[in-house]
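Data block for input20.cif (mmCIF, C-alpha atoms and all ligand atoms):
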data_entry
#
loop_
_atom_site.label_atom_id
_atom_site.label_comp_id
_atom_site.auth_asym_id
_atom_site.auth_seq_id
_atom_site.Cartn_x
_atom_site.Cartn_y
_atom_site.Cartn_z
CA MET H 144 20.84 -32.52 6.59
CA GLY H 145 24.53 -31.89 5.92
CA GLN H 146 27.55 -33.31 7.75
CA PRO H 147 28.03 -32.29 11.39
CA VAL H 148 30.18 -29.18 11.66
CA GLU H 149 33.80 -29.97 12.60
CA ARG H 150 35.00 -28.05 15.65
CA GLU H 151 38.62 -27.08 16.19
CA SER H 152 38.87 -28.07 19.83
CA ALA H 153 36.85 -28.83 22.89
CA GLU H 154 37.89 -25.44 24.28
CA ALA H 155 36.44 -23.60 21.32
CA ARG H 156 33.23 -25.50 21.76
CA ASP H 157 32.99 -24.92 25.50
CA SER H 158 33.66 -21.22 25.24
CA ALA H 159 30.75 -20.88 22.83
CA LEU H 160 28.31 -22.65 25.13
CA PRO H 161 26.21 -20.58 27.54
CA PRO H 162 26.05 -21.78 31.16
CA GLY H 163 24.00 -24.92 31.78
CA GLN H 164 23.76 -25.83 28.07
CA ARG H 165 25.06 -28.98 26.35
CA ILE H 166 25.75 -29.63 22.69
CA GLN H 167 23.19 -31.57 20.75
CA ARG H 168 24.20 -33.63 17.74
CA GLY H 169 21.88 -33.16 14.80
CA TRP H 170 18.92 -30.85 14.94
CA PRO H 171 15.97 -31.87 17.10
CA VAL H 172 12.48 -30.50 16.51
CA THR H 173 10.99 -28.61 19.46
CA HIS H 174 7.72 -26.76 19.51
CA TYR H 175 4.26 -26.63 20.99
CA GLY H 176 1.31 -27.77 18.86
CA PRO H 177 1.04 -29.07 15.29
CA VAL H 178 3.19 -28.18 12.25
CA PRO H 179 1.15 -25.80 10.09
CA LYS H 180 0.61 -26.52 6.41
CA PHE H 181 2.05 -23.85 4.12
CA ARG H 182 -0.54 -22.43 1.72
CA PRO H 183 1.35 -19.96 -0.52
CA GLU H 184 -1.81 -18.34 -1.86
CA ARG H 185 -2.97 -17.49 1.66
CA TRP H 186 0.37 -16.63 3.22
CA GLU H 187 1.21 -13.03 3.93
CA PHE H 188 3.71 -11.26 6.13
CA ARG H 189 2.26 -8.29 7.98
CA VAL H 190 3.87 -5.39 9.81
CA PHE H 191 1.32 -3.57 11.95
CA GLY H 192 0.85 -1.68 15.19
CA ALA H 193 2.73 1.56 15.83
CA THR H 194 4.33 2.16 12.44
CA ALA H 195 5.76 5.64 11.76
CA ASP H 196 3.12 6.47 9.16
CA GLY H 197 0.29 4.62 10.91
CA GLU H 198 -0.13 2.28 7.93
CA LYS H 199 0.10 -1.51 7.91
CA ARG H 200 2.35 -3.21 5.39
CA CYS H 201 1.79 -6.61 3.78
CA TRP H 202 3.92 -8.82 1.56
CA ASN H 203 2.85 -12.02 -0.16
CA HIS H 204 5.29 -14.93 -0.23
CA ALA H 205 6.86 -14.03 -3.58
CA GLU H 206 7.30 -10.40 -2.54
CA PHE H 207 8.74 -11.22 0.86
CA THR H 208 11.25 -13.76 -0.40
CA ALA H 209 12.41 -11.27 -3.05
CA LEU H 210 13.75 -8.97 -0.30
CA PRO H 211 17.57 -8.84 0.04
CA TYR H 212 19.01 -12.21 1.12
CA THR H 213 21.80 -12.36 3.70
CA THR H 214 23.47 -15.14 5.67
CA VAL H 215 24.35 -15.11 9.35
CA VAL H 216 26.16 -17.73 11.46
CA ALA H 217 24.41 -18.25 14.76
CA ASP H 218 23.84 -20.81 17.50
CA LEU H 219 20.49 -22.01 18.75
CA HIS H 220 20.04 -22.43 22.51
CA CYS H 221 16.90 -24.17 23.73
CA VAL H 222 15.94 -23.41 27.31
CA THR H 223 15.55 -27.18 27.88
CA LYS H 224 19.39 -27.08 27.78
CA PHE H 225 20.50 -28.28 24.37
CA SER H 226 22.37 -26.03 21.98
CA MET H 227 23.13 -26.35 18.30
CA LEU H 228 26.26 -24.46 17.33
CA GLY H 229 27.42 -22.87 14.11
CA ALA H 230 24.36 -22.98 11.88
CA GLU H 231 24.41 -20.74 8.82
CA TRP H 232 21.03 -19.11 8.50
CA GLY H 233 19.89 -17.39 5.32
CA GLY H 234 17.09 -14.91 4.96
CA ILE H 235 16.01 -11.33 5.46
CA LEU H 236 17.56 -9.22 8.20
CA THR H 237 15.07 -7.65 10.60
CA ARG H 238 16.94 -4.39 9.96
CA THR H 239 15.69 -4.50 6.38
CA ILE H 240 12.10 -4.67 7.64
CA LEU H 241 12.72 -1.81 10.09
CA GLU H 242 14.08 0.28 7.21
CA LEU H 243 11.18 -0.52 4.91
CA VAL H 244 8.57 0.01 7.63
CA PRO H 245 10.00 2.41 10.21
CA PRO H 246 8.45 2.15 13.67
CA ALA H 247 6.93 5.21 15.35
CA GLU H 248 9.33 7.07 17.62
CA ASP H 249 7.78 5.71 20.81
CA VAL H 250 8.08 2.03 19.86
CA THR H 251 10.03 0.13 22.53
CA HIS H 252 9.12 -3.52 21.86
CA VAL H 253 7.82 -5.80 19.15
CA MET H 254 5.63 -8.90 19.18
CA VAL H 255 6.56 -11.43 16.53
CA TRP H 256 3.50 -13.45 15.53
CA ALA H 257 3.39 -16.96 14.07
CA GLU H 258 0.77 -19.46 12.89
CA TYR H 259 -1.79 -20.59 15.47
CA GLY H 260 -1.23 -17.47 17.57
CA TYR H 261 2.28 -18.35 18.83
CA SER H 262 4.06 -15.14 19.70
CA SER H 263 7.17 -13.82 21.34
CA ASN H 264 7.95 -10.32 22.57
CA LEU H 265 11.33 -8.67 22.10
CA ARG H 266 12.84 -5.36 23.01
CA LEU H 267 13.23 -3.25 19.90
CA SER H 268 17.00 -3.38 20.48
CA ASP H 269 16.96 -7.21 20.32
CA PHE H 270 14.82 -7.15 17.20
CA HIS H 271 17.11 -4.53 15.67
CA ALA H 272 20.32 -6.42 16.58
CA GLU H 273 22.81 -6.93 13.76
CA ARG H 274 22.28 -10.68 13.28
CA THR H 275 18.57 -10.98 14.02
CA MET H 276 16.88 -12.33 10.89
CA PHE H 277 13.80 -13.86 9.35
CA ALA H 278 15.34 -17.07 8.07
CA THR H 279 14.17 -19.02 5.04
CA HIS H 280 17.26 -21.28 4.86
CA LYS H 281 19.67 -23.17 7.08
CA ASP H 282 23.08 -24.29 5.78
CA GLY H 283 22.07 -23.43 2.24
CA GLU H 284 18.87 -25.43 2.19
CA LEU H 285 15.28 -24.31 2.53
CA LEU H 286 13.91 -24.83 6.02
CA THR H 287 11.85 -27.98 6.42
CA ALA H 288 8.23 -27.73 7.54
CA GLU H 289 9.00 -28.86 11.10
CA HIS H 290 11.82 -26.33 11.43
CA GLY H 291 9.63 -23.41 10.44
CA PHE H 292 9.23 -23.27 6.65
CA PRO H 293 8.60 -20.85 5.06
CA LEU H 294 9.92 -18.40 7.67
CA ARG H 295 11.30 -18.35 11.19
CA LEU H 296 12.86 -15.69 13.34
CA VAL H 297 16.45 -16.21 14.53
CA VAL H 298 17.64 -14.10 17.46
CA PRO H 299 21.20 -15.41 18.00
CA HIS H 300 21.75 -13.81 21.42
CA LEU H 301 18.51 -15.05 23.07
CA TYR H 302 17.00 -18.46 23.92
CA ALA H 303 15.38 -20.10 20.93
CA TRP H 304 11.76 -19.75 22.09
CA LYS H 305 12.29 -16.05 21.28
CA GLY H 306 12.46 -17.10 17.63
CA PRO H 307 9.05 -18.20 16.39
CA LYS H 308 8.88 -20.72 13.57
CA TRP H 309 6.17 -20.18 10.90
CA VAL H 310 6.28 -16.42 11.38
CA ARG H 311 3.51 -14.34 9.86
CA GLY H 312 4.14 -10.84 11.10
CA VAL H 313 5.46 -8.26 13.48
CA GLU H 314 3.56 -5.88 15.71
CA TYR H 315 5.30 -2.68 16.74
CA MET H 316 4.47 -1.85 20.37
CA THR H 317 4.79 1.25 22.52
CA ALA H 318 4.85 -0.83 25.72
CA ASP H 319 6.00 -4.33 26.58
CA ARG H 320 3.56 -7.24 26.60
CA ARG H 321 4.32 -10.92 27.17
CA GLY H 322 4.28 -13.45 24.35
CA PHE H 323 3.26 -17.12 24.45
CA TRP H 324 6.03 -18.62 26.64
CA GLU H 325 6.72 -15.37 28.46
CA GLU H 326 3.17 -15.61 29.82
CA ARG H 327 3.72 -19.23 30.81
CA GLY H 328 6.66 -19.00 33.16
CA TYR H 329 9.58 -18.18 30.88
CA HIS H 330 11.78 -15.15 31.27
CA ASN H 331 10.65 -11.96 29.56
CA ILE H 332 14.11 -11.24 28.11
CA GLY H 333 15.69 -14.72 27.84
CA ASP H 334 19.44 -14.04 27.62
CA PRO H 335 21.19 -17.45 27.74
CA TRP H 336 24.51 -15.92 28.84
CA LYS H 337 22.73 -14.66 31.98
CA GLU H 338 20.69 -17.87 32.24
CA GLN H 339 17.45 -15.91 32.16
CA ARG H 340 15.29 -19.03 31.88
CA TYR H 341 12.23 -18.43 34.08
CA SER H 342 10.01 -15.49 34.89
CA TYR H 343 10.61 -15.90 38.65
CA GLN H 344 14.22 -14.83 37.97
CA GLU H 345 13.14 -11.49 36.53
CA GLN H 346 14.51 -8.39 38.19
CA LEU H 347 12.43 -5.26 38.58
CA GLY H 348 12.02 -3.65 35.17
CA GLU H 349 12.83 -6.78 33.15
CA GLY H 350 9.20 -7.53 32.35
CA PRO H 351 5.61 -6.41 32.68
CA GLU H 352 3.83 -7.58 35.82
CA LEU H 353 2.57 -11.16 35.75
N1 LIG P 401 5.71 -21.24 16.30
C1 LIG P 401 6.56 -21.75 17.21
N2 LIG P 401 7.86 -21.43 17.14
C2 LIG P 401 8.74 -21.92 18.03
C3 LIG P 401 8.31 -22.76 19.08
C4 LIG P 401 6.92 -23.07 19.15
O1 LIG P 401 6.46 -23.79 20.06
N3 LIG P 401 6.08 -22.55 18.19
N4 LIG P 401 9.23 -23.26 19.97
C5 LIG P 401 10.51 -22.55 20.12
C6 LIG P 401 11.50 -23.31 20.84
S1 LIG P 401 11.23 -23.53 22.49
C7 LIG P 401 12.64 -23.75 20.26
S2 LIG P 401 13.88 -24.51 21.16
C8 LIG P 401 12.87 -23.64 18.80
C9 LIG P 401 13.22 -24.99 18.23
O2 LIG P 401 13.49 -24.91 16.86
P1 LIG P 401 13.76 -26.23 16.06
O3 LIG P 401 12.57 -27.14 16.25
O4 LIG P 401 13.96 -25.84 14.66
O5 LIG P 401 15.00 -26.85 16.65
O6 LIG P 401 11.72 -23.14 18.14
C10 LIG P 401 11.08 -22.08 18.78
N5 LIG P 401 10.05 -21.57 17.92
MO MO P 402 13.14 -24.40 23.34
#
I need this file expressed as structure tokens, please.
Ligand SMILES: Nc1nc2c(c(=O)[nH]1)N[C@H]1C(S)=C(S)[C@@H](COP(=O)(O)O)O[C@H]1N2
Ligand SMILES: [Mo]
Amino acid sequence: MGQPVERESAEARDSALPPGQRIQRGWPVTHYGPVPKFRPERWEFRVFGATADGEKRCWNHAEFTALPYTTVVADLHCVTKFSMLGAEWGGILTRTILELVPPAEDVTHVMVWAEYGYSSNLRLSDFHAERTMFATHKDGELLTAEHGFPLRLVVPHLYAWKGPKWVRGVEYMTADRRGFWEERGYHNIGDPWKEQRYSYQEQLGEGPEL
């Protein structure tokens, strides 16, 4: 891990913190279940579901990590109320995947799938957002196993459970469906600026029926 990022002032820090969140020093590890072992020969990244041409697309690890590399600065907000500010993530923009494998016209949502069946659903607009990326690096270094190596999704404008670690694929969907935490009491959309933490807060139309 590198040095903690220097902040200019307390004001700058506060203004970047969504309601109810506090700053965490360092980078804690938060997830459900065990850390999967990376087996490069068995790893593949799959795009499936409602693709424009009806075909699935698969990349092996070498192919996927050869896709155009970009960096994005983004914060991580855990719904348990800690935030990590100012991380520089490196990896492949989701927009690149959407260009390489266009979704069918009626796709409205995606499910991002990870090892052991962890999943999270996103509106296509959240998945398509400018800074949403499949990250391989943080602050110039490869992700560690516990932080999601070889690949994790980063969705800067949503709570961090919306970004699966150990990602293995994306399913294009023509209707919304809840992912792992969204089925277990967490908000279907998960916007930290609106404090959309729990599913009981959902307004009509914000999620499929529970
Ligand atoms: N596969 C998987 N990804 C996951 C989770 C998980 O349980 N499984 N937890 C999420 C939650 S709740 C958070 S806060 C972040 C934490 O990322 P970190 O451990 O790198 O800080 O990972 C997210 N991605
Ligand atoms: Mo979290």
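Those DNA, RNA and protein residues that approach the point (5.1, -24.7, 3.3) to within 12 Å, considering all atoms listed in the file, are Val178, Pro179, Lys180, Phe181, Arg182, Pro183, Glu184, Arg185, Trp186, His204, Glu258, Thr279, Leu285, Leu286, Thr287, Ala288, Glu289, His290, Gly291, Phe292, Pro293, Leu294, Arg295, Lys308, Trp309 and Val310 of chain H.
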Practice problem: May I have the residues within 7 Å of ligand LIG 401 (chain P), computed using all atoms listed in the file, as an MDAnalysis selection string? | Solution: chainID H and resid 170:176 220:222 257:258 261 289:291 303:310
Print the selection's residues with C-alpha atoms to a file, as a tab-separated table (two decimals), in the frame of the given file.
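Saved to selection_9.tsv:
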chain	number	residue	atom	x	y	z
H	170	TRP	CA	18.92	-30.85	14.94
H	171	PRO	CA	15.97	-31.87	17.10
H	172	VAL	CA	12.48	-30.50	16.51
H	173	THR	CA	10.99	-28.61	19.46
H	174	HIS	CA	7.72	-26.76	19.51
H	175	TYR	CA	4.26	-26.63	20.99
H	176	GLY	CA	1.31	-27.77	18.86
H	220	HIS	CA	20.04	-22.43	22.51
H	221	CYS	CA	16.90	-24.17	23.73
H	222	VAL	CA	15.94	-23.41	27.31
H	257	ALA	CA	3.39	-16.96	14.07
H	258	GLU	CA	0.77	-19.46	12.89
H	261	TYR	CA	2.28	-18.35	18.83
H	289	GLU	CA	9.00	-28.86	11.10
H	290	HIS	CA	11.82	-26.33	11.43
H	291	GLY	CA	9.63	-23.41	10.44
H	303	ALA	CA	15.38	-20.10	20.93
H	304	TRP	CA	11.76	-19.75	22.09
H	305	LYS	CA	12.29	-16.05	21.28
H	306	GLY	CA	12.46	-17.10	17.63
H	307	PRO	CA	9.05	-18.20	16.39
H	308	LYS	CA	8.88	-20.72	13.57
H	309	TRP	CA	6.17	-20.18	10.90
H	310	VAL	CA	6.28	-16.42	11.38
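Residue nearest Ala195 in chain H, chosen from H:Leu236, H:Met276, H:Val250, H:Leu219 and counting only C-alpha atoms: H:Val250.
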Quiz prompt | Between CA of Asp218 in chain H and CA of Gly163 in chain H - distance in Å to one decimal | solution = 14.9 Å
Which centre and which edge lengths, in Å to one decimal, describe the axis-aligned box that holds all listed atoms of range 247-257 of chain H after 5 Å is added on each side, as lines of an AutoDock Vina configuration file?
center_x = 6.7
center_y = -4.9
center_z = 18.3
size_x = 16.6
size_y = 34.0
size_z = 18.5
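Residue nearest ligand MO 402 (chain P), chosen from H:Trp202, H:Phe207, H:Phe191, H:Tyr302 and counting only C-alpha atoms and all ligand atoms: H:Tyr302.
Taking CA of Asp249 in chain H and CA of Gly192 in chain H as endpoints, the distance between them is 11.6 Å.
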